[in-house]
>>> print(open('data.csv').read())   # CSV, C-alpha atoms
chain,number,residue,atom,x,y,z
A,1,MET,CA,172.0,154.9,-36.5
A,2,LYS,CA,172.0,156.2,-32.9
A,3,ASN,CA,171.0,159.6,-31.7
A,4,ILE,CA,169.0,160.4,-34.8
A,5,VAL,CA,165.4,161.4,-34.8
A,6,LEU,CA,163.2,161.6,-37.9
A,7,LEU,CA,160.2,164.0,-37.7
A,8,ASN,CA,157.6,164.5,-40.4
A,9,GLY,CA,155.0,167.3,-40.8
A,10,SER,CA,151.6,167.0,-42.4
A,11,SER,CA,152.6,168.0,-46.0
A,12,HIS,CA,153.9,164.6,-47.3
A,13,PRO,CA,153.7,161.7,-44.8
A,14,ARG,CA,154.2,159.1,-47.5
A,15,LEU,CA,157.6,160.5,-48.5
A,16,ALA,CA,158.7,160.6,-44.9
A,17,GLN,CA,157.7,157.0,-44.4
A,18,ARG,CA,159.6,156.0,-47.6
A,19,ILE,CA,162.7,157.8,-46.3
A,20,SER,CA,162.3,156.2,-42.9
A,21,GLU,CA,162.2,152.7,-44.5
A,22,SER,CA,165.3,153.4,-46.7
A,23,LEU,CA,167.2,154.5,-43.6
A,24,GLY,CA,165.9,151.8,-41.3
A,25,VAL,CA,165.0,154.4,-38.7
A,26,GLU,CA,161.4,154.7,-37.3
A,27,LEU,CA,159.6,158.0,-37.5
A,28,CYS,CA,159.4,159.8,-34.2
A,29,SER,CA,155.9,159.8,-32.6
A,30,CYS,CA,154.4,163.2,-33.0
A,31,LYS,CA,150.9,164.6,-32.7
A,32,LEU,CA,150.0,167.2,-35.3
A,33,GLY,CA,146.7,169.0,-35.3
A,34,LYS,CA,144.8,172.3,-34.8
A,35,PHE,CA,142.9,173.8,-31.9
A,36,SER,CA,139.3,174.8,-32.3
A,37,ASN,CA,140.4,178.4,-33.2
A,38,GLN,CA,142.6,176.8,-36.1
A,39,GLU,CA,145.9,177.5,-34.3
A,40,THR,CA,148.5,174.8,-35.1
A,41,ASN,CA,149.2,172.3,-32.3
A,42,VAL,CA,152.4,170.2,-32.2
A,43,GLU,CA,153.3,167.6,-29.5
A,44,ILE,CA,156.5,165.5,-29.8
A,45,LYS,CA,156.0,162.3,-27.9
A,46,ASP,CA,159.6,161.1,-27.8
A,47,SER,CA,162.7,162.7,-26.3
A,48,VAL,CA,165.0,164.7,-28.7
A,49,ARG,CA,167.5,165.8,-26.1
A,50,GLU,CA,171.1,165.8,-27.4
A,51,LYS,CA,170.0,164.1,-30.7
A,52,HIS,CA,170.3,165.1,-34.3
A,53,VAL,CA,166.7,165.9,-35.5
A,54,TYR,CA,165.7,165.8,-39.2
A,55,ILE,CA,162.4,167.4,-39.9
A,56,ILE,CA,160.8,166.5,-43.3
A,57,GLN,CA,158.3,169.0,-44.5
A,58,SER,CA,157.6,169.9,-48.2
A,59,GLY,CA,156.3,173.3,-49.3
A,60,CYS,CA,153.1,171.9,-51.0
A,61,GLY,CA,149.4,171.5,-50.3
A,62,ARG,CA,148.3,174.0,-47.6
A,63,VAL,CA,151.6,175.8,-47.8
A,64,ASN,CA,150.9,178.5,-45.1
A,65,ASP,CA,149.7,175.9,-42.6
A,66,ASN,CA,152.6,173.6,-43.3
A,67,LEU,CA,155.1,176.4,-43.0
A,68,ILE,CA,153.8,177.5,-39.6
A,69,GLU,CA,153.8,173.8,-38.5
A,70,LEU,CA,157.4,173.5,-39.6
A,71,LEU,CA,158.4,176.5,-37.6
A,72,ILE,CA,156.7,175.2,-34.5
A,73,LEU,CA,158.3,171.8,-34.9
A,74,ILE,CA,161.7,173.4,-35.1
A,75,GLN,CA,161.0,175.5,-32.0
A,76,ALA,CA,159.7,172.4,-30.1
A,77,CYS,CA,162.9,170.6,-30.9
A,78,ARG,CA,165.0,173.6,-29.8
A,79,MET,CA,163.1,173.8,-26.5
A,80,GLY,CA,163.6,170.0,-26.2
A,81,SER,CA,167.4,170.5,-26.2
A,82,ALA,CA,168.0,168.9,-29.5
A,83,ARG,CA,171.8,168.9,-30.4
A,84,ARG,CA,171.2,169.8,-34.0
A,85,ILE,CA,168.1,170.5,-36.2
A,86,THR,CA,168.2,169.8,-39.9
A,87,VAL,CA,165.2,170.9,-42.0
A,88,VAL,CA,164.6,168.8,-45.1
A,89,THR,CA,162.4,170.6,-47.6
A,90,PRO,CA,162.2,168.7,-50.9
A,91,LEU,CA,160.1,171.7,-52.2
A,92,PHE,CA,161.2,174.9,-50.5
A,93,PRO,CA,158.2,177.0,-49.7
A,94,TYR,CA,157.8,180.4,-51.4
A,95,SER,CA,160.9,179.8,-53.6
A,96,ARG,CA,159.1,181.2,-56.6
A,97,GLN,CA,158.5,184.6,-55.1
A,98,SER,CA,161.5,186.6,-56.1
A,99,GLU,CA,160.9,190.0,-57.5
A,100,LYS,CA,161.9,189.0,-61.0
A,101,SER,CA,159.7,185.9,-61.2
A,102,GLN,CA,156.5,187.4,-60.0
A,103,ARG,CA,155.8,189.5,-63.1
A,104,LYS,CA,155.4,186.3,-65.1
A,105,ARG,CA,152.6,184.8,-62.9
A,106,LEU,CA,149.0,185.2,-64.1
A,107,PRO,CA,145.7,184.4,-62.5
A,108,GLN,CA,144.8,180.7,-62.9
A,109,HIS,CA,141.5,181.4,-64.8
A,110,GLN,CA,143.4,183.5,-67.4
A,111,ILE,CA,146.1,180.8,-67.8
A,112,GLY,CA,143.5,178.1,-68.2
A,113,SER,CA,141.2,179.9,-70.7
A,114,GLU,CA,144.0,181.2,-73.0
A,115,ILE,CA,146.2,178.0,-73.1
A,116,MET,CA,143.0,175.9,-73.7
A,117,ASN,CA,142.1,178.2,-76.7
A,118,SER,CA,145.7,177.9,-78.0
A,119,LEU,CA,145.6,174.1,-77.8
A,120,ALA,CA,142.2,173.9,-79.4
A,121,GLN,CA,143.4,176.1,-82.3
A,122,THR,CA,146.4,173.8,-82.7
A,123,ALA,CA,144.2,170.7,-83.0
A,124,GLY,CA,142.0,172.4,-85.7
A,125,GLU,CA,144.6,174.4,-87.6
A,126,ALA,CA,148.0,172.7,-87.7
A,127,SER,CA,149.3,175.3,-90.1
A,128,ASN,CA,148.8,178.3,-87.8
A,129,PRO,CA,151.9,180.3,-86.9
A,130,LEU,CA,153.5,180.1,-83.4
A,131,PRO,CA,151.5,181.6,-80.5
A,132,GLN,CA,151.8,185.4,-80.5
A,133,GLY,CA,148.6,186.3,-78.5
A,134,THR,CA,148.0,187.8,-75.1
A,135,PHE,CA,148.9,184.7,-73.2
A,136,ALA,CA,152.2,184.1,-75.0
A,137,GLN,CA,153.2,187.7,-74.3
A,138,SER,CA,152.0,187.5,-70.6
A,139,PHE,CA,153.9,184.2,-70.2
A,140,MET,CA,157.1,186.0,-71.1
A,141,GLY,CA,156.4,189.0,-68.9
A,142,MET,CA,155.2,191.2,-71.7
A,143,THR,CA,151.6,191.8,-70.5
A,144,ALA,CA,149.7,194.6,-72.3
A,145,GLY,CA,150.0,198.0,-70.7
A,146,GLU,CA,152.9,196.8,-68.4
A,147,SER,CA,155.7,199.3,-68.6
A,148,GLY,CA,158.2,197.1,-66.8
A,149,TYR,CA,158.8,195.0,-63.8
A,150,ARG,CA,156.8,195.7,-60.6
A,151,GLN,CA,159.0,197.7,-58.2
A,152,TRP,CA,157.3,196.7,-54.9
A,153,CYS,CA,157.0,192.9,-55.0
A,154,ALA,CA,157.7,191.4,-51.5
A,155,ARG,CA,160.6,189.0,-51.2
A,156,ALA,CA,158.6,186.2,-49.4
A,157,GLY,CA,161.3,183.6,-49.9
A,158,THR,CA,163.8,185.7,-48.1
A,159,LEU,CA,161.4,186.1,-45.2
A,160,VAL,CA,160.9,182.3,-45.0
A,161,ALA,CA,164.7,181.9,-44.9
A,162,ASN,CA,164.9,184.3,-41.9
A,163,LEU,CA,161.9,182.6,-40.2
A,164,LEU,CA,163.6,179.2,-40.4
A,165,GLN,CA,166.8,180.5,-38.9
A,166,ALA,CA,164.9,182.5,-36.1
A,167,ALA,CA,162.9,179.3,-35.2
A,168,GLY,CA,166.2,177.5,-34.5
A,169,ALA,CA,167.2,175.5,-37.6
A,170,ASP,CA,170.9,174.6,-37.8
A,171,HIS,CA,171.0,173.2,-41.3
A,172,LEU,CA,168.8,173.1,-44.5
A,173,ILE,CA,168.5,170.5,-47.2
A,174,ALA,CA,166.5,171.6,-50.2
A,175,MET,CA,166.1,170.1,-53.7
A,176,ASP,CA,166.3,172.1,-56.9
A,177,LEU,CA,165.5,175.6,-55.8
A,178,HIS,CA,163.4,177.4,-58.4
A,179,ASP,CA,165.5,180.5,-57.6
A,180,PRO,CA,169.0,179.4,-56.5
A,181,GLN,CA,169.6,182.9,-55.1
A,182,TYR,CA,167.8,181.9,-51.9
A,183,GLN,CA,170.7,179.7,-50.9
A,184,GLY,CA,172.7,182.8,-50.3
A,185,PHE,CA,170.1,184.3,-47.9
A,186,PHE,CA,170.8,181.8,-45.2
A,187,GLN,CA,173.5,182.2,-42.6
A,188,ILE,CA,173.3,178.5,-41.7
A,189,PRO,CA,174.7,175.6,-43.9
A,190,VAL,CA,172.6,174.8,-46.9
A,191,ASP,CA,172.9,171.6,-48.9
A,192,LEU,CA,171.3,172.2,-52.3
A,193,ILE,CA,170.7,168.8,-53.8
A,194,TYR,CA,169.5,167.8,-57.3
A,195,ALA,CA,167.1,165.2,-58.7
A,196,GLU,CA,169.3,164.9,-61.8
A,197,PRO,CA,170.6,161.3,-61.0
A,198,CYS,CA,167.0,160.1,-60.5
A,199,ILE,CA,165.9,161.8,-63.7
A,200,ILE,CA,168.8,160.3,-65.8
A,201,GLN,CA,167.9,156.8,-64.4
A,202,TRP,CA,164.2,157.3,-65.4
A,203,ILE,CA,165.1,158.4,-68.9
A,204,ARG,CA,167.3,155.4,-69.4
A,205,SER,CA,164.7,152.9,-68.1
A,206,GLU,CA,161.3,154.4,-69.2
A,207,ILE,CA,162.0,156.0,-72.6
A,208,PRO,CA,162.6,153.2,-75.2
A,209,ASN,CA,164.4,155.3,-77.8
A,210,TRP,CA,166.1,157.8,-75.5
A,211,ARG,CA,169.4,157.7,-77.4
A,212,GLN,CA,167.7,159.4,-80.4
A,213,ALA,CA,166.0,162.0,-78.3
A,214,VAL,CA,166.6,165.8,-78.2
A,215,VAL,CA,166.6,167.5,-74.7
A,216,VAL,CA,164.6,170.7,-74.8
A,217,SER,CA,164.7,173.6,-72.3
A,218,PRO,CA,161.4,175.5,-72.3
A,219,ASP,CA,163.2,178.8,-71.5
A,220,ALA,CA,166.6,180.2,-71.3
A,221,GLY,CA,166.7,180.0,-67.5
A,222,GLY,CA,166.5,176.2,-67.6
A,223,ALA,CA,169.2,175.8,-70.2
A,224,LYS,CA,172.0,174.9,-67.7
A,225,ARG,CA,169.9,172.1,-66.2
A,226,ALA,CA,169.0,170.7,-69.6
A,227,THR,CA,172.6,170.9,-71.0
A,228,SER,CA,173.9,169.1,-67.9
A,229,ILE,CA,171.8,166.1,-68.7
A,230,CYS,CA,172.6,166.4,-72.4
A,231,ASN,CA,176.3,166.2,-71.7
A,232,LYS,CA,175.9,163.2,-69.4
A,233,LEU,CA,173.7,161.2,-71.8
A,234,ASN,CA,175.4,162.5,-75.0
A,235,LEU,CA,172.1,163.9,-76.4
A,236,ASP,CA,171.4,166.9,-78.6
A,237,PHE,CA,170.0,170.1,-77.2
A,238,ALA,CA,167.3,172.5,-78.3
A,239,LEU,CA,165.9,175.7,-76.7
A,240,ILE,CA,162.6,177.5,-76.8
A,241,HIS,CA,163.1,181.2,-76.5
A,242,LYS,CA,161.6,184.6,-77.0
A,243,GLU,CA,162.1,186.4,-80.3
A,244,ASP,CA,161.1,189.9,-81.5
A,245,VAL,CA,158.3,190.3,-84.0
A,246,GLY,CA,158.5,194.0,-84.5
A,247,SER,CA,159.0,196.9,-82.0
A,248,THR,CA,156.4,195.9,-79.4
A,249,LYS,CA,155.6,192.2,-79.9
A,250,GLU,CA,157.3,189.0,-79.1
A,251,SER,CA,156.6,185.3,-79.9
A,252,MET,CA,158.1,182.0,-78.9
A,253,GLY,CA,160.7,180.4,-81.2
A,254,LEU,CA,162.7,177.1,-81.3
A,255,VAL,CA,166.4,176.9,-81.6
A,256,GLY,CA,167.5,173.4,-82.7
A,257,GLU,CA,166.2,170.5,-84.8
A,258,VAL,CA,163.6,168.2,-83.5
A,259,SER,CA,161.9,166.9,-86.7
A,260,ASP,CA,161.2,163.2,-86.7
A,261,ARG,CA,162.8,162.7,-83.3
A,262,PRO,CA,161.5,162.2,-79.8
A,263,VAL,CA,162.0,165.1,-77.4
A,264,ILE,CA,162.4,165.4,-73.6
A,265,ILE,CA,161.3,168.7,-72.1
A,266,LEU,CA,163.1,169.4,-68.8
A,267,ASP,CA,161.9,172.0,-66.3
A,268,ASP,CA,162.3,172.4,-62.5
A,269,MET,CA,158.6,172.9,-61.8
A,270,ILE,CA,155.1,172.3,-63.3
A,271,ASP,CA,152.6,174.6,-61.6
A,272,SER,CA,149.9,175.9,-63.9
A,273,GLY,CA,151.0,173.7,-66.8
A,274,SER,CA,151.3,176.7,-69.2
A,275,THR,CA,155.0,176.2,-70.0
A,276,ILE,CA,154.5,172.5,-70.9
A,277,GLY,CA,151.4,173.3,-72.9
A,278,LEU,CA,153.0,175.9,-75.0
A,279,ALA,CA,156.3,174.1,-75.4
A,280,SER,CA,154.7,170.8,-76.5
A,281,GLU,CA,152.5,172.7,-79.0
A,282,ILE,CA,155.5,174.3,-80.6
A,283,LEU,CA,157.5,171.1,-80.7
A,284,LYS,CA,154.7,169.2,-82.3
A,285,ARG,CA,154.4,171.8,-85.0
A,286,HIS,CA,158.2,171.4,-85.6
A,287,GLY,CA,157.7,167.7,-86.3
A,288,ALA,CA,158.6,166.0,-82.9
A,289,THR,CA,157.4,162.4,-82.9
A,290,GLU,CA,157.1,161.8,-79.1
A,291,ILE,CA,157.1,164.5,-76.4
A,292,TYR,CA,158.1,163.6,-72.9
A,293,ALA,CA,158.1,166.2,-70.1
A,294,ILE,CA,160.1,165.8,-66.9
A,295,ALA,CA,160.0,168.2,-63.9
A,296,VAL,CA,161.4,168.0,-60.4
A,297,HIS,CA,158.4,169.5,-58.7
A,298,GLY,CA,154.9,168.6,-59.9
A,299,VAL,CA,152.5,171.1,-58.2
A,300,PHE,CA,149.7,171.0,-60.8
A,301,SER,CA,147.6,173.9,-59.6
A,302,GLY,CA,144.5,175.3,-61.4
A,303,PRO,CA,143.9,173.8,-64.8
A,304,ALA,CA,147.3,172.1,-65.1
A,305,LEU,CA,146.0,168.6,-65.4
A,306,GLU,CA,143.4,169.5,-68.0
A,307,ILE,CA,146.1,171.3,-70.1
A,308,ILE,CA,148.4,168.3,-69.9
A,309,SER,CA,145.6,165.9,-70.9
A,310,ARG,CA,144.8,168.0,-74.0
A,311,SER,CA,148.3,168.7,-75.0
A,312,PRO,CA,150.4,166.5,-77.4
A,313,VAL,CA,152.6,165.3,-74.5
A,314,THR,CA,153.1,161.6,-74.4
A,315,ALA,CA,154.0,161.4,-70.7
A,316,VAL,CA,154.9,163.7,-67.8
A,317,ALA,CA,157.2,162.5,-65.1
A,318,CYS,CA,157.7,164.3,-61.8
A,319,THR,CA,159.5,163.4,-58.6
A,320,ASN,CA,157.5,162.9,-55.4
A,321,THR,CA,158.7,166.0,-53.7
A,322,VAL,CA,155.0,166.8,-53.9
A,323,PRO,CA,152.3,164.0,-53.3
A,324,GLN,CA,151.4,162.7,-56.7
A,325,GLU,CA,148.8,160.0,-56.0
A,326,ASP,CA,145.7,162.1,-56.4
A,327,PHE,CA,147.1,163.8,-59.6
A,328,ARG,CA,147.8,160.4,-61.2
A,329,LYS,CA,144.2,159.3,-60.6
A,330,ARG,CA,143.1,162.4,-62.6
A,331,CYS,CA,145.6,162.2,-65.5
A,332,ASP,CA,146.8,159.0,-67.1
A,333,LYS,CA,149.9,160.7,-68.6
A,334,LEU,CA,151.6,161.3,-65.2
A,335,LYS,CA,154.5,159.2,-64.0
A,336,THR,CA,156.4,159.4,-60.7
A,337,ILE,CA,160.1,159.4,-60.1
A,338,ASP,CA,160.9,158.3,-56.5
A,339,ILE,CA,163.5,160.4,-54.7
A,340,ALA,CA,163.0,158.9,-51.2
A,341,PRO,CA,166.1,156.6,-51.4
A,342,MET,CA,168.3,159.5,-52.5
A,343,LEU,CA,167.0,161.7,-49.7
A,344,GLY,CA,167.6,158.9,-47.2
A,345,GLU,CA,171.2,158.5,-48.4
A,346,ILE,CA,171.7,162.3,-48.1
A,347,ILE,CA,170.4,162.2,-44.6
A,348,ARG,CA,172.7,159.3,-43.7
A,349,ARG,CA,175.7,161.1,-45.2
A,350,THR,CA,175.1,164.4,-43.4
A,351,PHE,CA,174.6,162.5,-40.2
A,352,TYR,CA,177.9,160.8,-40.4
A,353,GLY,CA,179.7,163.8,-41.9
A,354,GLU,CA,180.3,162.2,-45.3
A,355,SER,CA,180.4,164.0,-48.7
A,356,VAL,CA,177.1,164.7,-50.3
A,357,THR,CA,178.6,166.0,-53.6
A,358,GLN,CA,179.8,162.5,-54.5
A,359,LEU,CA,176.2,161.4,-55.0
A,360,PHE,CA,176.0,163.8,-58.0
A,361,VAL,CA,179.2,162.6,-59.7
A,362,TYR,CA,178.0,160.9,-62.9
A,363,ASP,CA,179.5,157.5,-63.8
A,364,GLU,CA,179.3,157.0,-67.6
A,365,ALA,CA,179.7,153.2,-67.1
A,366,MET,CA,176.3,153.0,-65.4
>>> encode(input="data.csv", output="structure tokens")
Amino acid sequence: MKNIVLLNGSSHPRLAQRISESLGVELCSCKLGKFSNQETNVEIKDSVREKHVYIIQSGCGRVNDNLIELLILIQACRMGSARRITVVTPLFPYSRQSEKSQRKRLPQHQIGSEIMNSLAQTAGEASNPLPQGTFAQSFMGMTAGESGYRQWCARAGTLVANLLQAAGADHLIAMDLHDPQYQGFFQIPVDLIYAEPCIIQWIRSEIPNWRQAVVVSPDAGGAKRATSICNKLNLDFALIHKEDVGSTKESMGLVGEVSDRPVIILDDMIDSGSTIGLASEILKRHGATEIYAIAVHGVFSGPALEIISRSPVTAVACTNTVPQEDFRKRCDKLKTIDIAPMLGEIIRRTFYGESVTQLFVYDEAM
């Protein structure tokens, strides 16, 4: 491949190296660091003039530093007369911060203490009703004393979209946006790609009795993602949802039958671990034999790993859009789905002007 340059930021060098190996293209020499006053310093050692540059930077770890570094990398390539600049963000930064989603996010210490108490009660009293406490209500945006959704939440994801375009990006490749609405905030081409083919392959190879499994969406927002995999694998579907328990209270309920069957929880992101913790608790009480959780982005902030370790989940599989090595050392239940070969193929197809959509056409004969 001629006239292509691969650049990687500081967020996920191992993923960039794996993509480089799958393409057979060496990573461009680049010096990344900080000055003594903590300002970001970027120096690209090789020429990018009249070349198609792909910058690989995930929105994880030190998100703010990595975002500024990405913007400076884009600007450096633009000043270096790059012909085209494509930003590859496996995890798009600030994609969770839409106005609607922020009302559901709680402080980490509150999430940790309340979900731990819930799991502890489950272990000691299997006959307890489904969770209806402060945490369950907060998890669904029904915090005590809250009259409705906050009117003045900033749209940080929209701001990030504008910053990427102002820096000089010509094209964006992002995987499984938490809020797909952000795709419409760009005036440059956006290729929104999906980890679904890799997830299906992992289910087929790593879950022994997957043909008897029930795919579960932990909320109504993820139902489309879960049913898509159900249809491709010909599996049954179940949904965890909110239900009214009077005029002012809500609890979590299960629609579907999971008794004496393995279940696969599908979500786009595991951050605090609260969703997986509550969902696995409910499924266990309804008689599920084995509980597998699969997510595209494994962020695992705050007490997430401790929640997963104490939960009845058999295994949790996440793609490597976020570095997983340190997390796996701290929790034996974690598994990794490698998406580097798929990202490499997408880069190759966009470079040569080939169809990206064909990668997501499911072949039932596989």
>>> residues_around(input="data.csv", residues="Gln38 (chain A)", least_positions_apart="5", cutoff="12 Å", atoms="only C-alpha atoms", output="PyMOL selection string")
chain A and resi 33+65+68-69
>>> atom_distance(input="data.csv", atom1="CA of Glu325 (chain A)", atom2="CA of Phe35 (chain A)")
28.4 Å
>>> residues_around(input="data.csv", residues="Glu196 (chain A)", least_positions_apart="4", cutoff="8 Å", atoms="only C-alpha atoms", output="ChimeraX atom specification")
/A:200,229,360
>>> closest_residue(input="data.csv", among="A:Met269, A:Leu278, A:Cys230, A:Ala166", to="Met252 (chain A)", atoms="only C-alpha atoms")
A:Leu278
>>> atom_distance(input="data.csv", atom1="CA of Pro341 (chain A)", atom2="CA of Ala174 (chain A)")
15.1 Å
>>> closest_atom_pairs(input="data.csv", of="region 249-295 of chain A", to="region 302-317 of chain A", cutoff="6 Å", atoms="all atoms listed in the file", output="CSV")
residue,atom,partner,partner_atom,distance
A:Ser272,CA,A:Ala304,CA,4.8
A:Gly273,CA,A:Ala304,CA,4.4
A:Gly277,CA,A:Ser311,CA,5.9
A:Ile291,CA,A:Val313,CA,4.9
A:Tyr292,CA,A:Ala315,CA,5.1
A:Ala293,CA,A:Val316,CA,4.7
A:Ile294,CA,A:Ala317,CA,4.7
>>> closest_residue(input="data.csv", among="A:Val88, A:Leu27, A:Val296, A:Val263", to="Arg211 (chain A)", atoms="all atoms listed in the file")
A:Val263
>>> atom_distance(input="data.csv", atom1="CA of Pro189 (chain A)", atom2="CA of Ser29 (chain A)")
27.0 Å
>>> residues_around(input="data.csv", residues="Trp210 (chain A)", least_positions_apart="2", cutoff="10 Å", atoms="only C-alpha atoms", output="VMD selection string")
chain A and resid 203 to 208 212 to 215 233 235 261 to 264
>>> closest_residue(input="data.csv", among="A:Lys335, A:Ala223, A:Ala76, A:Ile56", to="Arg18 (chain A)", atoms="all atoms listed in the file")
A:Ile56
>>> residues_around(input="data.csv", residues="Leu73 (chain A)", least_positions_apart="5", cutoff="12 Å", atoms="all atoms listed in the file", output="PDB file with C-alpha atoms, in the frame of the given file")
ATOM      1  CA  LEU A   6     163.200 161.600 -37.900  1.00  0.00           C
ATOM      2  CA  LEU A   7     160.200 164.000 -37.700  1.00  0.00           C
ATOM      3  CA  ASN A   8     157.600 164.500 -40.400  1.00  0.00           C
ATOM      4  CA  GLY A   9     155.000 167.300 -40.800  1.00  0.00           C
ATOM      5  CA  SER A  10     151.600 167.000 -42.400  1.00  0.00           C
ATOM      6  CA  CYS A  30     154.400 163.200 -33.000  1.00  0.00           C
ATOM      7  CA  LYS A  31     150.900 164.600 -32.700  1.00  0.00           C
ATOM      8  CA  LEU A  32     150.000 167.200 -35.300  1.00  0.00           C
ATOM      9  CA  GLY A  33     146.700 169.000 -35.300  1.00  0.00           C
ATOM     10  CA  THR A  40     148.500 174.800 -35.100  1.00  0.00           C
ATOM     11  CA  ASN A  41     149.200 172.300 -32.300  1.00  0.00           C
ATOM     12  CA  VAL A  42     152.400 170.200 -32.200  1.00  0.00           C
ATOM     13  CA  GLU A  43     153.300 167.600 -29.500  1.00  0.00           C
ATOM     14  CA  ILE A  44     156.500 165.500 -29.800  1.00  0.00           C
ATOM     15  CA  VAL A  48     165.000 164.700 -28.700  1.00  0.00           C
ATOM     16  CA  VAL A  53     166.700 165.900 -35.500  1.00  0.00           C
ATOM     17  CA  TYR A  54     165.700 165.800 -39.200  1.00  0.00           C
ATOM     18  CA  ILE A  55     162.400 167.400 -39.900  1.00  0.00           C
ATOM     19  CA  ILE A  56     160.800 166.500 -43.300  1.00  0.00           C
ATOM     20  CA  GLN A  57     158.300 169.000 -44.500  1.00  0.00           C
ATOM     21  CA  ASN A  66     152.600 173.600 -43.300  1.00  0.00           C
ATOM     22  CA  LEU A  67     155.100 176.400 -43.000  1.00  0.00           C
ATOM     23  CA  ILE A  68     153.800 177.500 -39.600  1.00  0.00           C
ATOM     24  CA  ARG A  78     165.000 173.600 -29.800  1.00  0.00           C
ATOM     25  CA  MET A  79     163.100 173.800 -26.500  1.00  0.00           C
ATOM     26  CA  GLY A  80     163.600 170.000 -26.200  1.00  0.00           C
ATOM     27  CA  ALA A  82     168.000 168.900 -29.500  1.00  0.00           C
ATOM     28  CA  ILE A  85     168.100 170.500 -36.200  1.00  0.00           C
ATOM     29  CA  THR A  86     168.200 169.800 -39.900  1.00  0.00           C
ATOM     30  CA  VAL A  87     165.200 170.900 -42.000  1.00  0.00           C
ATOM     31  CA  LEU A 164     163.600 179.200 -40.400  1.00  0.00           C
ATOM     32  CA  ALA A 167     162.900 179.300 -35.200  1.00  0.00           C
ATOM     33  CA  GLY A 168     166.200 177.500 -34.500  1.00  0.00           C
ATOM     34  CA  ALA A 169     167.200 175.500 -37.600  1.00  0.00           C
TER      35      ALA A 169
END
>>> residues_around(input="data.csv", residues="Pro218 (chain A)", least_positions_apart="3", cutoff="10 Å", atoms="all atoms listed in the file", output="PyMOL selection string")
chain A and resi 215+221-223+226+238-241+252+254+265-267+275-276+278-280
>>> closest_residue(input="data.csv", among="A:Cys318, A:Leu192, A:Leu163, A:Ala220", to="Leu70 (chain A)", atoms="only C-alpha atoms")
A:Leu163
>>> closest_residue(input="data.csv", among="A:Thr350, A:Thr321, A:Ser355, A:Asn37", to="Asp176 (chain A)", atoms="only C-alpha atoms")
A:Thr321
>>> closest_residue(input="data.csv", among="A:Asp236, A:Gly344, A:Ser217, A:His297", to="Leu283 (chain A)", atoms="all atoms listed in the file")
A:Ser217
